[in-house]
file data32.pdb (PDB, C-alpha atoms, pLDDT in the B column)
ATOM      1  CA  LYS A  17       0.002  11.765  -7.400  1.00 69.00           C
ATOM      2  CA  ASP A  18      -2.278  14.108  -5.453  1.00 83.00           C
ATOM      3  CA  ASN A  19      -0.544  13.325  -2.104  1.00 93.00           C
ATOM      4  CA  MET A  20      -1.301   9.610  -2.431  1.00 94.00           C
ATOM      5  CA  PHE A  21       0.759   6.428  -2.552  1.00 95.00           C
ATOM      6  CA  ALA A  22      -0.109   2.738  -2.262  1.00 94.00           C
ATOM      7  CA  PRO A  23       1.617   0.815   0.531  1.00 94.00           C
ATOM      8  CA  GLY A  24       1.276  -2.906   0.029  1.00 91.00           C
ATOM      9  CA  ARG A  25       3.023  -6.228  -0.533  1.00 86.00           C
ATOM     10  CA  PHE A  26       3.532  -8.757  -3.276  1.00 86.00           C
ATOM     11  CA  VAL A  27       1.159 -11.593  -2.406  1.00 87.00           C
ATOM     12  CA  MET A  28       0.713 -15.170  -3.524  1.00 85.00           C
ATOM     13  CA  THR A  29      -2.663 -16.840  -3.024  1.00 82.00           C
ATOM     14  CA  CYS A  30      -2.013 -20.110  -4.851  1.00 84.00           C
ATOM     15  CA  CYS A  31       1.280 -20.516  -6.690  1.00 85.00           C
ATOM     16  CA  ALA A  32       4.210 -18.470  -7.998  1.00 83.00           C
ATOM     17  CA  ASP A  33       2.346 -17.792 -11.257  1.00 88.00           C
ATOM     18  CA  ASP A  34      -0.255 -15.656  -9.457  1.00 87.00           C
ATOM     19  CA  ILE A  35       2.083 -13.338  -7.503  1.00 88.00           C
ATOM     20  CA  GLN A  36       0.862  -9.762  -7.734  1.00 90.00           C
ATOM     21  CA  PHE A  37       1.224  -6.458  -5.895  1.00 89.00           C
ATOM     22  CA  CYS A  38      -1.684  -5.621  -3.598  1.00 90.00           C
ATOM     23  CA  GLY A  39      -1.685  -2.053  -2.344  1.00 92.00           C
ATOM     24  CA  VAL A  40      -4.137   0.238  -0.605  1.00 95.00           C
ATOM     25  CA  PRO A  41      -4.400   3.922  -1.574  1.00 95.00           C
ATOM     26  CA  CYS A  42      -3.054   6.147   1.190  1.00 97.00           C
ATOM     27  CA  ASN A  43      -3.317   9.927   1.644  1.00 96.00           C
ATOM     28  CA  TYR A  44       0.007  11.347   2.851  1.00 97.00           C
ATOM     29  CA  GLU A  45       1.173  14.978   2.781  1.00 94.00           C
ATOM     30  CA  ASN A  46       4.881  14.149   2.348  1.00 94.00           C
ATOM     31  CA  VAL A  47       4.516  11.626  -0.472  1.00 93.00           C
ATOM     32  CA  SER A  48       7.223  13.448  -2.476  1.00 91.00           C
ATOM     33  CA  GLY A  49       9.784  12.235   0.089  1.00 90.00           C
ATOM     34  CA  LEU A  50       9.056   8.561  -0.642  1.00 93.00           C
ATOM     35  CA  LEU A  51      10.925   6.451  -3.167  1.00 91.00           C
ATOM     36  CA  PRO A  52       9.276   3.690  -5.222  1.00 88.00           C
ATOM     37  CA  ARG A  53       9.605   0.197  -3.690  1.00 87.00           C
ATOM     38  CA  ASP A  54      11.141   1.469  -0.426  1.00 90.00           C
ATOM     39  CA  TRP A  55      10.005  -0.281   2.747  1.00 90.00           C
ATOM     40  CA  VAL A  56       8.007   1.899   5.137  1.00 92.00           C
ATOM     41  CA  MET A  57       5.911   1.381   8.270  1.00 91.00           C
ATOM     42  CA  VAL A  58       2.550   3.130   7.970  1.00 94.00           C
ATOM     43  CA  VAL A  59       0.277   4.044  10.864  1.00 96.00           C
ATOM     44  CA  ALA A  60      -3.040   5.215   9.441  1.00 97.00           C
ATOM     45  CA  THR A  61      -6.752   5.534   9.845  1.00 98.00           C
ATOM     46  CA  ILE A  62      -8.919   3.649   7.365  1.00 97.00           C
ATOM     47  CA  ASN A  63     -12.194   4.669   5.756  1.00 97.00           C
ATOM     48  CA  ALA A  64     -14.407   3.377   2.969  1.00 97.00           C
ATOM     49  CA  GLN A  65     -14.250   5.904   0.119  1.00 94.00           C
ATOM     50  CA  LYS A  66     -14.888   5.979  -3.593  1.00 93.00           C
ATOM     51  CA  HIS A  67     -11.579   5.776  -5.479  1.00 90.00           C
ATOM     52  CA  SER A  68     -10.553   5.253  -9.094  1.00 89.00           C
ATOM     53  CA  LEU A  69      -8.598   2.130  -8.038  1.00 88.00           C
ATOM     54  CA  TYR A  70     -11.964   0.613  -7.135  1.00 92.00           C
ATOM     55  CA  LYS A  71     -13.546   1.836 -10.396  1.00 93.00           C
ATOM     56  CA  GLY A  72     -15.487   4.532  -8.561  1.00 88.00           C
ATOM     57  CA  GLU A  73     -16.892   2.113  -5.987  1.00 94.00           C
ATOM     58  CA  LEU A  74     -16.299   2.160  -2.228  1.00 96.00           C
ATOM     59  CA  GLY A  75     -13.076   0.607  -0.981  1.00 96.00           C
ATOM     60  CA  PRO A  76     -10.514   0.991   1.790  1.00 97.00           C
ATOM     61  CA  VAL A  77      -8.517   4.241   1.704  1.00 96.00           C
ATOM     62  CA  LEU A  78      -5.867   5.030   4.318  1.00 97.00           C
ATOM     63  CA  THR A  79      -4.979   8.434   5.761  1.00 97.00           C
ATOM     64  CA  ALA A  80      -1.431   8.309   7.112  1.00 97.00           C
ATOM     65  CA  ILE A  81      -0.766   9.412  10.668  1.00 97.00           C
ATOM     66  CA  SER A  82       2.925   8.547  10.316  1.00 96.00           C
ATOM     67  CA  VAL A  83       5.191   6.951   7.706  1.00 96.00           C
ATOM     68  CA  THR A  84       8.546   5.630   8.914  1.00 93.00           C
ATOM     69  CA  PRO A  85      11.158   4.589   6.315  1.00 90.00           C
ATOM     70  CA  GLY A  86      13.376   1.512   6.599  1.00 84.00           C
ATOM     71  CA  ALA A  87      10.890  -0.810   8.320  1.00 79.00           C
ATOM     72  CA  GLU A  88      11.623  -4.029   6.394  1.00 76.00           C
ATOM     73  CA  PRO A  89       9.562  -7.095   7.434  1.00 75.00           C
ATOM     74  CA  ALA A  90      11.101 -10.349   8.657  1.00 71.00           C
ATOM     75  CA  LYS A  91      10.135 -12.065   5.368  1.00 71.00           C
ATOM     76  CA  PRO A  92      10.545  -9.366   2.698  1.00 68.00           C
ATOM     77  CA  ASP A  93       9.981 -11.463  -0.434  1.00 70.00           C
ATOM     78  CA  VAL A  94       6.300 -12.377  -0.745  1.00 65.00           C
ATOM     79  CA  ALA A  95       3.349 -12.474   1.631  1.00 65.00           C
ATOM     80  CA  THR A  96       1.279 -15.654   1.319  1.00 60.00           C
ATOM     81  CA  PHE A  97      -2.344 -16.375   2.171  1.00 56.00           C
TER
END
call {"tool": "encode", "arguments": {"input": "data32.pdb", "output": "structure tokens"}}
result
Amino acid sequence: KDNMFAPGRFVMTCCADDIQFCGVPCNYENVSGLLPRDWVMVVATINAQKHSLYKGELGPVLTAISVTPGAEPAKPDVATF
């Protein structure tokens, strides 16, 4: 929507019951060429901006410099912290 998508990962901070998707809003002119849940490599600048995802407060918002499809990580299932 509005030339934006949310690159991110499923993350687990404690146990399997708390796995959730964590994405960051990203401005990208060619967003219509992306498919949901496809792996991409994003090179972007980052700024603090007000965004509805952050309930109108400041938060990180990316502006894509390049988006390369097919860049699957070594461990594609879940990122852990």
call {"tool": "closest_residue", "arguments": {"input": "data32.pdb", "among": "A:Cys30, A:Val77, A:Met57, A:Leu69", "to": "Pro89 in chain A", "atoms": "only C-alpha atoms"}}
result
A:Met57
call {"tool": "residues_near_point", "arguments": {"input": "data32.pdb", "point": "(-11.4, 0.6, 1.8)", "cutoff": "10 Å", "atoms": "only C-alpha atoms", "output": "list in words"}}
result
Val40, Pro41, Ile62, Asn63, Ala64, Gln65, Lys66, His67, Tyr70, Glu73, Leu74, Gly75, Pro76, Val77 and Leu78 of chain A
call {"tool": "atom_distance", "arguments": {"input": "data32.pdb", "atom1": "CA of Trp55 in chain A", "atom2": "CA of Lys71 in chain A"}}
result
27.1 Å
call {"tool": "atom_distance", "arguments": {"input": "data32.pdb", "atom1": "CA of Thr79 in chain A", "atom2": "CA of Ile35 in chain A"}}
result
26.5 Å
call {"tool": "residues_around", "arguments": {"input": "data32.pdb", "residues": "Ile81 in chain A", "least_positions_apart": "3", "cutoff": "12 Å", "atoms": "only C-alpha atoms", "output": "list in words"}}
result
Cys42, Asn43, Tyr44, Glu45, Asn46, Met57, Val58, Val59, Ala60, Thr61, Ile62, Leu78 and Thr84 of chain A
call {"tool": "residues_around", "arguments": {"input": "data32.pdb", "residues": "Pro52 in chain A", "least_positions_apart": "4", "cutoff": "12 Å", "atoms": "all atoms listed in the file", "output": "list in words"}}
result
Phe21, Ala22, Pro23, Gly24, Val47, Ser48, Val56 and Pro85 of chain A
call {"tool": "atom_distance", "arguments": {"input": "data32.pdb", "atom1": "CA of Asp93 in chain A", "atom2": "CA of Val27 in chain A"}}
result
9.0 Å
call {"tool": "closest_residue", "arguments": {"input": "data32.pdb", "among": "A:Met28, A:Lys91, A:Gly86, A:Cys38", "to": "Asp54 in chain A", "atoms": "only C-alpha atoms"}}
result
A:Gly86
call {"tool": "axis_aligned_box", "arguments": {"input": "data32.pdb", "around": "range 51-65 of chain A", "padding_each_side": "3 Å", "output": "lines of an AutoDock Vina configuration file"}}
result
center_x = -1.6
center_y = 3.1
center_z = 2.8
size_x = 31.5
size_y = 12.7
size_z = 22.1
